[in-house]
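Content type mmCIF, C-alpha atoms, from the file query-v2.cif:
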data_protein
loop_
_atom_site.label_atom_id
_atom_site.label_comp_id
_atom_site.auth_asym_id
_atom_site.auth_seq_id
_atom_site.Cartn_x
_atom_site.Cartn_y
_atom_site.Cartn_z
CA MET A 18 28.95 19.14 -16.99
CA ARG A 19 27.58 18.17 -13.65
CA SER A 20 29.71 17.42 -10.70
CA GLU A 21 28.61 14.32 -8.86
CA GLN A 22 28.94 13.74 -5.19
CA GLY A 23 30.68 10.56 -4.23
CA ALA A 24 33.15 8.48 -6.13
CA HIS A 25 30.83 6.93 -8.71
CA ASP A 26 27.91 8.01 -10.84
CA GLY A 27 25.33 5.91 -9.05
CA ALA A 28 21.63 6.02 -9.95
CA LEU A 29 22.32 7.37 -13.41
CA PRO A 30 20.92 5.40 -16.34
CA PRO A 31 23.32 4.12 -18.99
CA ALA A 32 23.91 6.75 -21.68
CA ASP A 33 22.35 4.79 -24.53
CA THR A 34 18.69 4.67 -23.54
CA GLU A 35 15.18 5.41 -24.77
CA PRO A 36 14.00 9.02 -24.52
CA PRO A 37 13.03 9.76 -20.92
CA VAL A 38 9.62 10.75 -19.61
CA LEU A 39 9.79 14.31 -18.30
CA LEU A 40 7.33 15.69 -15.79
CA THR A 41 7.49 19.15 -14.28
CA VAL A 42 5.11 19.96 -11.44
CA PRO A 43 4.71 22.93 -9.11
CA ALA A 44 6.90 22.55 -6.03
CA ALA A 45 4.06 21.77 -3.63
CA ARG A 46 2.93 18.63 -1.79
CA GLU A 47 -0.42 18.37 -3.54
CA TYR A 48 1.26 17.76 -6.91
CA VAL A 49 3.39 14.87 -5.69
CA VAL A 50 0.44 12.59 -6.43
CA LEU A 51 1.12 13.15 -10.15
CA VAL A 52 4.69 12.00 -9.76
CA ARG A 53 3.59 8.95 -7.83
CA SER A 54 0.98 8.10 -10.42
CA ALA A 55 3.55 8.31 -13.22
CA VAL A 56 5.83 6.04 -11.24
CA GLY A 57 2.99 3.55 -10.87
CA HIS A 58 2.39 3.32 -14.60
CA LEU A 59 6.08 3.15 -15.50
CA GLY A 60 6.82 0.60 -12.80
CA ALA A 61 3.94 -1.56 -14.02
CA ARG A 62 5.43 -1.55 -17.54
CA LEU A 63 8.64 -2.80 -16.06
CA GLY A 64 6.99 -5.79 -14.41
CA LEU A 65 7.48 -4.77 -10.79
CA THR A 66 5.45 -6.72 -8.26
CA MET A 67 2.83 -4.93 -6.16
CA GLU A 68 5.25 -4.96 -3.24
CA GLU A 69 8.08 -3.50 -5.29
CA LEU A 70 5.75 -0.92 -6.76
CA GLY A 71 4.51 0.02 -3.29
CA ASP A 72 8.08 0.47 -2.06
CA LEU A 73 9.01 2.54 -5.10
CA ARG A 74 5.99 4.81 -4.79
CA LEU A 75 6.76 5.32 -1.11
CA ALA A 76 10.40 6.10 -1.90
CA VAL A 77 9.51 8.59 -4.63
CA ASP A 78 7.05 10.27 -2.33
CA GLU A 79 9.75 10.68 0.30
CA ALA A 80 12.27 11.84 -2.30
CA CYS A 81 9.87 14.63 -3.25
CA ALA A 82 9.30 15.38 0.43
CA LEU A 83 13.06 15.65 0.83
CA LEU A 84 13.11 18.50 -1.69
CA LEU A 85 9.94 20.16 -0.46
CA LEU A 86 9.98 20.02 3.31
CA PRO A 87 11.36 23.03 5.15
CA ASP A 88 13.45 20.86 7.49
CA GLU A 89 15.18 19.16 4.58
CA ILE A 90 16.26 20.76 1.31
CA ALA A 91 13.47 23.33 1.17
CA ALA A 92 13.62 23.94 -2.55
CA THR A 93 13.69 27.62 -3.46
CA GLY A 94 12.50 27.04 -7.02
CA SER A 95 8.85 26.97 -8.02
CA VAL A 96 8.94 23.57 -9.72
CA LEU A 97 10.03 19.95 -9.27
CA GLU A 98 11.55 18.46 -12.39
CA CYS A 99 11.21 14.72 -12.71
CA ARG A 100 12.94 12.52 -15.22
CA PHE A 101 12.01 8.88 -15.63
CA THR A 102 14.19 6.61 -17.73
CA GLU A 103 13.59 2.95 -18.50
CA SER A 104 16.79 1.17 -19.27
CA GLY A 105 18.17 -2.31 -18.95
CA GLY A 106 15.04 -3.54 -17.23
CA ALA A 107 15.30 -0.86 -14.55
CA LEU A 108 13.51 2.39 -13.88
CA TRP A 109 15.72 5.39 -13.12
CA ILE A 110 14.10 8.37 -11.48
CA ALA A 111 15.62 11.79 -10.88
CA VAL A 112 13.76 14.55 -9.04
CA ALA A 113 15.42 17.97 -9.11
CA ALA A 114 14.69 21.45 -7.82
CA GLU A 115 16.45 24.73 -7.34
CA ALA A 116 17.73 25.02 -3.78
CA SER A 117 20.26 26.85 -1.73
CA PRO A 118 23.75 25.71 -2.83
CA THR A 119 24.48 24.72 0.78
CA SER A 120 21.41 22.54 1.28
CA VAL A 121 22.38 19.01 2.20
CA PRO A 122 20.12 16.20 3.42
CA GLN A 123 21.11 14.06 6.37
CA VAL A 124 22.71 11.32 4.35
CA GLY A 125 23.82 8.10 5.99
CA GLY A 126 21.54 8.17 9.04
CA PHE A 127 18.90 5.62 9.88
CA GLY A 128 16.23 7.55 7.94
CA TRP A 129 18.32 7.79 4.79
CA ASN A 130 19.13 4.09 4.97
CA LEU A 131 15.45 3.32 5.42
CA LEU A 132 14.69 5.12 2.18
CA ALA A 133 17.66 3.55 0.42
CA SER A 134 16.55 0.06 1.38
CA LEU A 135 13.26 0.53 -0.50
CA VAL A 136 15.08 1.00 -3.81
CA ASP A 137 18.09 -0.50 -5.55
CA ASP A 138 20.11 2.68 -5.63
CA LEU A 139 19.79 6.10 -4.05
CA GLN A 140 22.03 9.10 -4.69
CA TRP A 141 21.82 12.76 -4.17
CA SER A 142 23.69 15.83 -5.39
CA ASN A 143 23.64 19.59 -5.11
CA ASP A 144 25.34 21.31 -8.06
CA ASP A 145 25.52 25.02 -7.41
CA GLY A 146 21.95 25.22 -6.23
CA ARG A 147 20.38 22.44 -8.26
CA ALA A 148 19.47 19.74 -5.78
CA GLU A 149 18.71 16.33 -7.22
CA VAL A 150 17.66 12.99 -5.75
CA ARG A 151 18.19 9.98 -7.96
CA LEU A 152 16.93 6.50 -7.40
CA MET A 153 16.70 3.27 -9.30
CA LYS A 154 14.43 0.24 -8.98
CA GLN A 155 14.36 -3.01 -10.88
CA PRO A 156 12.36 -6.23 -10.52
CA ALA A 157 14.10 -8.56 -8.05
CA VAL A 158 13.47 -11.43 -10.44
CA ARG A 159 13.25 -11.00 -14.19
CA ARG A 160 9.89 -12.34 -15.34
CA LEU A 161 8.38 -12.54 -18.84
CA MET B 30 -18.10 6.05 4.13
CA SER B 31 -18.13 4.43 7.53
CA ALA B 32 -14.94 3.19 9.12
CA PRO B 33 -14.10 -0.42 8.38
CA GLU B 34 -15.00 -2.61 11.32
CA HIS B 35 -12.75 -5.37 10.26
CA ASP B 36 -9.27 -4.84 9.00
CA PRO B 37 -7.97 -7.94 7.22
CA ASP B 38 -4.45 -6.56 7.43
CA ALA B 39 -4.56 -6.89 11.18
CA GLU B 40 -4.68 -10.65 10.76
CA THR B 41 -1.74 -10.61 8.39
CA ARG B 42 0.31 -8.81 10.97
CA SER B 43 -0.71 -10.89 13.93
CA GLY B 44 0.44 -14.03 12.20
CA GLY B 45 -2.31 -16.55 12.96
CA ARG B 46 -3.65 -16.27 9.45
CA ASP B 47 -2.51 -19.61 8.07
CA GLU B 48 -4.10 -21.42 10.99
CA GLN B 49 -7.24 -19.38 10.44
CA ARG B 50 -7.33 -20.36 6.77
CA ALA B 51 -6.71 -24.01 7.53
CA ARG B 52 -9.51 -23.97 10.07
CA VAL B 53 -11.97 -22.45 7.58
CA VAL B 54 -11.05 -25.01 4.91
CA GLU B 55 -11.59 -27.78 7.46
CA GLN B 56 -15.00 -26.34 8.36
CA PHE B 57 -16.00 -26.35 4.70
CA ARG B 58 -14.83 -29.92 4.21
CA GLU B 59 -16.90 -30.90 7.21
CA LEU B 60 -19.89 -29.02 5.79
CA ARG B 61 -19.65 -30.85 2.47
CA ARG B 62 -19.67 -34.21 4.23
CA HIS B 63 -23.18 -33.57 5.53
CA ASP B 64 -26.54 -33.77 3.83
CA PRO B 65 -27.89 -30.25 3.19
CA GLU B 66 -31.14 -31.36 4.86
CA SER B 67 -29.43 -32.42 8.07
CA PRO B 68 -29.29 -30.37 11.28
CA GLN B 69 -25.47 -30.74 11.32
CA TRP B 70 -25.23 -29.10 7.91
CA ARG B 71 -27.54 -26.32 9.07
CA SER B 72 -25.50 -25.53 12.16
CA LEU B 73 -22.11 -25.69 10.37
CA ARG B 74 -23.44 -23.41 7.67
CA ASP B 75 -24.80 -20.94 10.24
CA GLU B 76 -21.44 -20.94 11.96
CA LEU B 77 -19.51 -20.21 8.74
CA VAL B 78 -21.92 -17.42 7.85
CA ALA B 79 -21.68 -15.90 11.33
CA ASP B 80 -17.88 -16.08 11.28
CA HIS B 81 -17.71 -14.04 8.08
CA MET B 82 -20.44 -11.47 8.65
CA ALA B 83 -17.95 -8.91 9.94
CA TYR B 84 -15.89 -9.35 6.79
CA ALA B 85 -18.98 -8.98 4.57
CA ARG B 86 -19.83 -5.73 6.40
CA TYR B 87 -16.25 -4.58 5.92
CA VAL B 88 -16.46 -5.15 2.17
CA ALA B 89 -19.82 -3.35 2.04
CA SER B 90 -18.37 -0.44 4.01
CA ARG B 91 -15.89 0.18 1.21
CA PHE B 92 -18.74 1.37 -0.98
CA SER B 93 -20.19 4.78 -0.38
CA ALA B 94 -23.84 4.18 0.32
CA PRO B 95 -26.35 7.01 0.13
CA PRO B 96 -27.33 8.33 3.55
CA GLY B 97 -29.35 5.80 5.50
CA ALA B 98 -28.72 2.97 3.07
CA ALA B 99 -25.69 1.44 4.77
CA GLU B 100 -27.84 -1.28 6.35
CA ASP B 101 -29.28 -2.16 2.92
CA LEU B 102 -25.76 -2.69 1.64
CA ASN B 103 -25.01 -4.92 4.61
CA GLN B 104 -28.07 -7.03 3.81
CA VAL B 105 -26.95 -7.39 0.20
CA ALA B 106 -23.48 -8.38 1.44
CA TYR B 107 -24.95 -10.99 3.84
CA LEU B 108 -26.99 -12.46 1.02
CA ALA B 109 -23.88 -12.83 -1.12
CA LEU B 110 -22.08 -14.34 1.86
CA VAL B 111 -24.74 -17.03 2.34
CA LYS B 112 -24.63 -17.87 -1.38
CA SER B 113 -20.85 -18.07 -1.18
CA VAL B 114 -20.93 -20.42 1.80
CA ASP B 115 -23.32 -22.66 -0.12
CA ASN B 116 -21.24 -22.71 -3.28
CA PHE B 117 -17.63 -22.51 -2.12
CA ASP B 118 -15.48 -25.50 -2.98
CA PRO B 119 -12.62 -25.86 -0.47
CA GLU B 120 -10.73 -28.13 -2.88
CA TYR B 121 -10.56 -25.53 -5.62
CA GLY B 122 -7.38 -23.93 -4.25
CA VAL B 123 -8.78 -20.49 -3.46
CA THR B 124 -9.26 -19.17 0.06
CA PHE B 125 -12.79 -18.47 1.13
CA ILE B 126 -11.95 -14.76 1.44
CA GLY B 127 -10.60 -14.83 -2.10
CA TYR B 128 -13.89 -16.38 -3.21
CA VAL B 129 -16.36 -14.35 -1.18
CA THR B 130 -14.88 -10.89 -1.86
CA PRO B 131 -15.72 -10.72 -5.59
CA MET B 132 -19.09 -12.37 -4.86
CA VAL B 133 -20.01 -9.62 -2.40
CA THR B 134 -18.72 -6.78 -4.59
CA GLY B 135 -20.55 -8.29 -7.58
CA GLU B 136 -23.80 -8.46 -5.64
CA ILE B 137 -23.43 -4.88 -4.43
CA LYS B 138 -22.66 -3.70 -7.96
CA ARG B 139 -25.82 -5.37 -9.21
CA TYR B 140 -27.71 -3.73 -6.40
CA PHE B 141 -26.41 -0.29 -7.40
CA ARG B 142 -27.17 -0.95 -11.03
CA ASP B 143 -30.75 -1.95 -10.22
CA SER B 144 -31.38 0.98 -7.94
CA THR B 145 -31.82 4.50 -9.22
CA TRP B 146 -29.59 6.07 -6.60
CA ASP B 147 -27.15 8.65 -7.62
CA VAL B 148 -23.91 7.55 -6.07
CA HIS B 149 -21.69 10.57 -6.06
CA VAL B 150 -18.30 8.89 -5.84
CA PRO B 151 -17.05 7.31 -9.06
CA ARG B 152 -17.52 3.70 -8.21
CA ARG B 153 -15.60 1.93 -10.93
CA MET B 154 -12.23 2.62 -9.33
CA GLN B 155 -13.50 1.94 -5.83
CA GLU B 156 -14.80 -1.44 -6.92
CA LEU B 157 -11.65 -2.28 -8.76
CA SER B 158 -9.41 -1.28 -5.87
CA LEU B 159 -11.51 -3.46 -3.62
CA GLU B 160 -11.26 -6.42 -5.98
CA LEU B 161 -7.56 -5.72 -6.17
CA ARG B 162 -7.17 -6.67 -2.55
CA GLY B 163 -8.75 -10.09 -2.95
CA ALA B 164 -6.96 -10.76 -6.22
CA THR B 165 -3.58 -9.71 -4.81
CA GLU B 166 -4.00 -12.15 -1.96
CA LEU B 167 -5.19 -14.91 -4.24
CA LEU B 168 -2.31 -14.54 -6.67
CA ALA B 169 0.28 -14.18 -3.93
CA GLN B 170 -0.88 -17.51 -2.62
CA ARG B 171 -0.88 -19.14 -6.04
CA LEU B 172 2.51 -17.76 -7.10
CA ASP B 173 4.12 -17.74 -3.69
CA ARG B 174 5.27 -14.15 -4.27
CA SER B 175 3.77 -10.70 -4.74
CA PRO B 176 2.02 -10.53 -8.15
CA THR B 177 2.95 -8.06 -10.88
CA VAL B 178 0.50 -5.49 -12.20
CA ALA B 179 0.24 -7.41 -15.50
CA GLU B 180 -0.69 -10.60 -13.65
CA LEU B 181 -3.35 -8.77 -11.65
CA ALA B 182 -4.77 -7.22 -14.81
CA GLU B 183 -5.11 -10.63 -16.39
CA GLU B 184 -6.71 -12.08 -13.28
CA LEU B 185 -9.28 -9.28 -13.08
CA GLY B 186 -9.86 -9.08 -16.83
CA THR B 187 -8.76 -5.48 -17.13
CA ARG B 188 -5.82 -3.48 -18.43
CA PRO B 189 -2.63 -2.78 -16.42
CA GLU B 190 -3.31 0.99 -16.61
CA GLU B 191 -6.58 0.45 -14.80
CA ILE B 192 -4.86 -1.50 -12.08
CA VAL B 193 -2.44 1.38 -11.49
CA GLU B 194 -5.33 3.82 -11.43
CA ALA B 195 -7.06 1.61 -8.91
CA ILE B 196 -3.94 1.64 -6.73
CA ASP B 197 -4.02 5.42 -6.93
CA ALA B 198 -7.71 5.43 -6.06
CA SER B 199 -7.30 3.13 -3.09
CA ASN B 200 -4.46 5.27 -1.80
CA ALA B 201 -6.55 8.39 -2.20
CA TYR B 202 -9.35 6.87 -0.14
CA SER B 203 -7.23 5.29 2.54
CA ALA B 204 -6.49 7.06 5.77
CA THR B 205 -2.79 6.50 5.26
CA SER B 206 -2.51 8.66 2.16
CA LEU B 207 0.60 10.75 2.04
CA ASP B 208 -1.31 13.46 0.27
CA ARG B 209 -2.93 14.81 3.37
CA PRO B 210 -1.64 18.36 3.48
CA VAL B 211 1.20 18.71 5.90
CA ASP B 212 0.46 21.64 8.12
CA ALA B 213 3.65 23.52 7.45
CA GLY B 214 2.21 26.70 8.93
CA ASP B 215 2.54 26.49 12.70
CA SER B 216 3.32 22.87 13.45
CA GLY B 217 6.18 22.79 10.95
CA SER B 218 8.59 23.64 13.69
CA ALA B 219 7.95 21.29 16.56
CA PRO B 220 9.35 22.27 19.94
CA LEU B 221 12.75 20.73 20.46
CA GLY B 222 11.54 19.10 23.67
CA GLU B 223 8.91 17.20 21.77
CA LEU B 224 11.47 15.93 19.29
CA LEU B 225 13.86 14.79 21.99
CA GLY B 226 11.23 13.66 24.45
CA ASP B 227 9.89 10.89 22.25
CA GLU B 228 11.06 7.60 23.57
CA ASP B 229 11.70 6.21 20.11
CA SER B 230 14.29 8.85 19.24
CA ALA B 231 16.70 6.82 21.34
CA PHE B 232 16.60 4.47 18.41
CA ASP B 233 20.18 4.57 17.25
CA MET B 234 20.67 1.26 15.54
CA VAL B 235 23.47 1.30 13.09
CA VAL B 236 22.04 -0.78 10.30
CA ASP B 237 23.19 -0.61 6.74
CA ARG B 238 20.67 -0.63 3.94
CA GLU B 239 21.38 -4.18 2.83
CA ALA B 240 20.66 -5.46 6.31
CA LEU B 241 17.48 -3.37 6.44
CA LYS B 242 16.02 -4.70 3.18
CA PRO B 243 14.93 -8.13 4.41
CA LEU B 244 13.66 -6.59 7.66
CA LEU B 245 11.52 -4.00 5.91
CA ALA B 246 10.20 -6.61 3.50
CA ARG B 247 8.29 -8.10 6.43
CA LEU B 248 6.53 -4.85 7.28
CA SER B 249 3.24 -3.64 5.87
CA ALA B 250 3.20 -0.58 3.61
CA ARG B 251 1.79 1.48 6.46
CA ASP B 252 4.50 0.41 8.88
CA LYS B 253 7.17 1.40 6.35
CA GLN B 254 5.44 4.73 5.87
CA ILE B 255 5.36 5.41 9.60
CA LEU B 256 9.06 4.57 9.93
CA LEU B 257 9.90 6.96 7.10
CA MET B 258 7.82 9.75 8.58
CA ARG B 259 9.47 9.34 11.93
CA PHE B 260 13.09 8.76 10.96
CA PHE B 261 13.41 10.16 7.47
CA ARG B 262 11.23 13.22 7.78
CA ASN B 263 11.88 13.51 11.51
CA MET B 264 8.23 14.13 12.19
CA THR B 265 7.07 13.95 15.77
CA GLN B 266 4.63 11.29 16.89
CA SER B 267 1.92 13.96 17.12
CA GLN B 268 2.55 15.15 13.57
CA ILE B 269 2.42 11.58 12.27
CA GLY B 270 -0.80 11.08 14.19
CA GLU B 271 -2.29 14.17 12.58
CA GLU B 272 -1.29 13.07 9.12
CA LEU B 273 -2.64 9.55 9.57
CA GLY B 274 -5.71 10.62 11.51
CA VAL B 275 -4.85 8.66 14.65
CA SER B 276 -3.81 9.70 18.16
CA GLN B 277 -0.23 10.30 19.23
CA MET B 278 -0.61 7.38 21.65
CA GLN B 279 -1.50 5.05 18.78
CA VAL B 280 1.52 6.25 16.84
CA SER B 281 3.67 5.63 19.88
CA ARG B 282 2.33 2.09 20.22
CA LEU B 283 2.76 1.41 16.50
CA LEU B 284 6.34 2.66 16.53
CA ASN B 285 7.16 0.60 19.60
CA ARG B 286 5.82 -2.50 17.94
CA ILE B 287 7.61 -1.86 14.62
CA LEU B 288 10.92 -1.03 16.29
CA GLY B 289 10.55 -4.01 18.60
CA GLU B 290 10.11 -6.26 15.59
CA LEU B 291 13.17 -4.76 13.92
CA ARG B 292 15.27 -5.18 17.04
CA ASP B 293 14.12 -8.78 17.46
CA ALA B 294 14.94 -9.51 13.84
CA LEU B 295 18.42 -8.12 14.36
CA GLY B 296 18.72 -10.40 17.34
#

Spit out the file's structure as structure tokens when you get a sec.
Amino acid sequence: MRSEQGAHDGALPPADTEPPVLLTVPAAREYVVLVRSAVGHLGARLGLTMEELGDLRLAVDEACALLLLPDEIAATGSVLECRFTESGGALWIAVAAEASPTSVPQVGGFGWNLLASLVDDLQWSNDDGRAEVRLMKQPAVRRL
Amino acid sequence: MSAPEHDPDAETRSGGRDEQRARVVEQFRELRRHDPESPQWRSLRDELVADHMAYARYVASRFSAPPGAAEDLNQVAYLALVKSVDNFDPEYGVTFIGYVTPMVTGEIKRYFRDSTWDVHVPRRMQELSLELRGATELLAQRLDRSPTVAELAEELGTRPEEIVEAIDASNAYSATSLDRPVDAGDSGSAPLGELLGDEDSAFDMVVDREALKPLLARLSARDKQILLMRFFRNMTQSQIGEELGVSQMQVSRLLNRILGELRDALG
């Protein structure tokens, strides 16, 4: 059982969903392109506009940077584990890595709010050395 | 690939684009009122061609020409431009840029197909990502919102997967790619003075994310990226400059402009 930070389980998909897409990549910047590409294809399925897709790809890129960059979480593990779940017309993305149990990003500052404003939900947790960034994006207007 | 001489995004940002479009449409209406044999027609046509030559060169520059052949590509692009000026219908509801872009790329594609050159960069994605730009603009105008990937695929007669791959390709080729390796070795730890010395670090607006959303929606993808690098990753202006391939001074100017716009919007 995971312990969530904050009062609510934000940026977690509803329990009853389709099987997720799982992608594990080496914990290095040059592999983030694979994560971004996956996000592009999944976001397109969801009917995101080019603008929304651009924002989401940017946000995911920064979420990975958060785990990888030495000034931020500086993951100690060798891989980034990504989980993509489509549910209720939204795309839920979780990127996790092993990290020091005391690693905490600078949540709540201008930078964090910048990132948060590109997506519909942004959460983060560190459970005994498993750091995870979760975000959610859905089309502003339902088309189809 | 030579650097683009004409960046259409610059016009988007500077604002005068609608006036520019209206002016071009008016010029075409004027052109159609004249007899193609008349001197007035001739001079209006020359003017329209001259006004768009820089754009035609820009489109041509997006293709990787074999060494020494860049001027050939420009000539092909000019030819397509002239044809476009002669055939464009201002009443059809498409901007001239939306019309001329696929005409120029089509002509260049034909040129490549007819020549025996070995072009070493896979062109399919480059072409598609170029067409993507025109089609995105066209659809945004028609729909009055940003188009979805599915809508773009239909417009360009391709599959959504290919559109996403083209987005990837255009990002890979653009100077603003985030995939440029970050030099974590020595510049990873910037001197404290450099971090504090930057004028923009005085930026201490308390803005919640809901208030930021509409403000960010007005910024280009690159502007958003620069903001994130500076304030989310806490990169210095020099580091951002390195990653984007521009000078620290340019980064400083860009940040000042972006932050100025945000402050103004917050009133």

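Taking CA of Pro31 (chain A) and CA of Val193 (chain B) as the two end points, the separation is 27.0 Å.
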
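In plain terms, chain B touches chain A through Ser175, Pro176, Thr177, Val178, Val193, Arg238, Lys242, Phe260 and Phe261 of chain B, where touching means an atom at most 6 Å away, counting all atoms listed in the file.
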
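If only C-alpha atoms are the atoms counted, then among A:Leu139, A:Met153, A:Leu85, A:Val42 the closest residue to Ile110 (chain A) is A:Met153.
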
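The spacing separating CA of Ser158 (chain B) from CA of Leu39 (chain A) amounts to 27.7 Å.
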
Problem set entry | Of the listed residues B:Glu166, B:Glu184, B:Asp101, B:Asp118, that which approaches Val53 (chain B) most closely, counting all atoms listed in the file | B:Asp118

I'd like to see the residues matched by the PyMOL selection byres ((chain B and resi 74-77) around 8) on this file, and ideally I'd get them as a PDB file with C-alpha atoms, keeping the file's coordinate frame.
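Once everything was written out, this is part.pdb:
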ATOM      1  CA  VAL B  53     -11.970 -22.450   7.580  1.00  0.00           C
ATOM      2  CA  GLN B  56     -15.000 -26.340   8.360  1.00  0.00           C
ATOM      3  CA  LEU B  60     -19.890 -29.020   5.790  1.00  0.00           C
ATOM      4  CA  TRP B  70     -25.230 -29.100   7.910  1.00  0.00           C
ATOM      5  CA  ARG B  71     -27.540 -26.320   9.070  1.00  0.00           C
ATOM      6  CA  SER B  72     -25.500 -25.530  12.160  1.00  0.00           C
ATOM      7  CA  LEU B  73     -22.110 -25.690  10.370  1.00  0.00           C
ATOM      8  CA  VAL B  78     -21.920 -17.420   7.850  1.00  0.00           C
ATOM      9  CA  ALA B  79     -21.680 -15.900  11.330  1.00  0.00           C
ATOM     10  CA  ASP B  80     -17.880 -16.080  11.280  1.00  0.00           C
ATOM     11  CA  HIS B  81     -17.710 -14.040   8.080  1.00  0.00           C
ATOM     12  CA  VAL B 114     -20.930 -20.420   1.800  1.00  0.00           C
ATOM     13  CA  ASP B 115     -23.320 -22.660  -0.120  1.00  0.00           C
TER      14      ASP B 115
END

Problem set entry | Selection result of the PyMOL selection byres ((chain A and resi 102) around 12) on this file, as an MDAnalysis selection string | chainID A and resid 28:40 55:56 59:60 62:63 99:101 103:112 151:155

For this session: Go ahead and compute the interatomic distance for CA of Leu288 (chain B) and CA of Gly274 (chain B), in Å to one decimal.
Result: 20.9 Å

For this session: Pull out every residue that the PyMOL selection byres ((chain B and resi 55) around 12) matches in the shown coordinates and put them as number ranges by chain.
Result: B: 48-54, 56-62, 73, 77, 118-120, 124-125

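Look at Leu110 (chain B): the protein and nucleic acid residues within 8 Å of it, using only C-alpha atoms and passing over chain neighbours fewer than 2 places away, are Val78, His81, Met82, Ala85, Ala106, Tyr107, Leu108, Lys112, Ser113, Val114, Val129, Met132 and Val133 of chain B.
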
If you keep C-alpha atoms, can you produce a file of those selected residues as a PDB file, in the frame of the given file?
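Listed below is the output, selection07.pdb:
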ATOM      1  CA  VAL B  78     -21.920 -17.420   7.850  1.00  0.00           C
ATOM      2  CA  HIS B  81     -17.710 -14.040   8.080  1.00  0.00           C
ATOM      3  CA  MET B  82     -20.440 -11.470   8.650  1.00  0.00           C
ATOM      4  CA  ALA B  85     -18.980  -8.980   4.570  1.00  0.00           C
ATOM      5  CA  ALA B 106     -23.480  -8.380   1.440  1.00  0.00           C
ATOM      6  CA  TYR B 107     -24.950 -10.990   3.840  1.00  0.00           C
ATOM      7  CA  LEU B 108     -26.990 -12.460   1.020  1.00  0.00           C
ATOM      8  CA  LYS B 112     -24.630 -17.870  -1.380  1.00  0.00           C
ATOM      9  CA  SER B 113     -20.850 -18.070  -1.180  1.00  0.00           C
ATOM     10  CA  VAL B 114     -20.930 -20.420   1.800  1.00  0.00           C
ATOM     11  CA  VAL B 129     -16.360 -14.350  -1.180  1.00  0.00           C
ATOM     12  CA  MET B 132     -19.090 -12.370  -4.860  1.00  0.00           C
ATOM     13  CA  VAL B 133     -20.010  -9.620  -2.400  1.00  0.00           C
TER      14      VAL B 133
END

Problem set entry | All residues 9 Å or closer to Pro131 (chain B), all atoms listed in the file, same chain fewer than 5 positions away omitted, as a ChimeraX atom specification | /B:126,136,159-160,163-164

Problem set entry | Residue contacts of Leu167 (chain B) (9 Å, all atoms listed in the file) excluding same-chain residues fewer than 5 positions away, as JSON, numbers by chain | {"B": [123, 124, 126, 127, 128, 162, 172]}
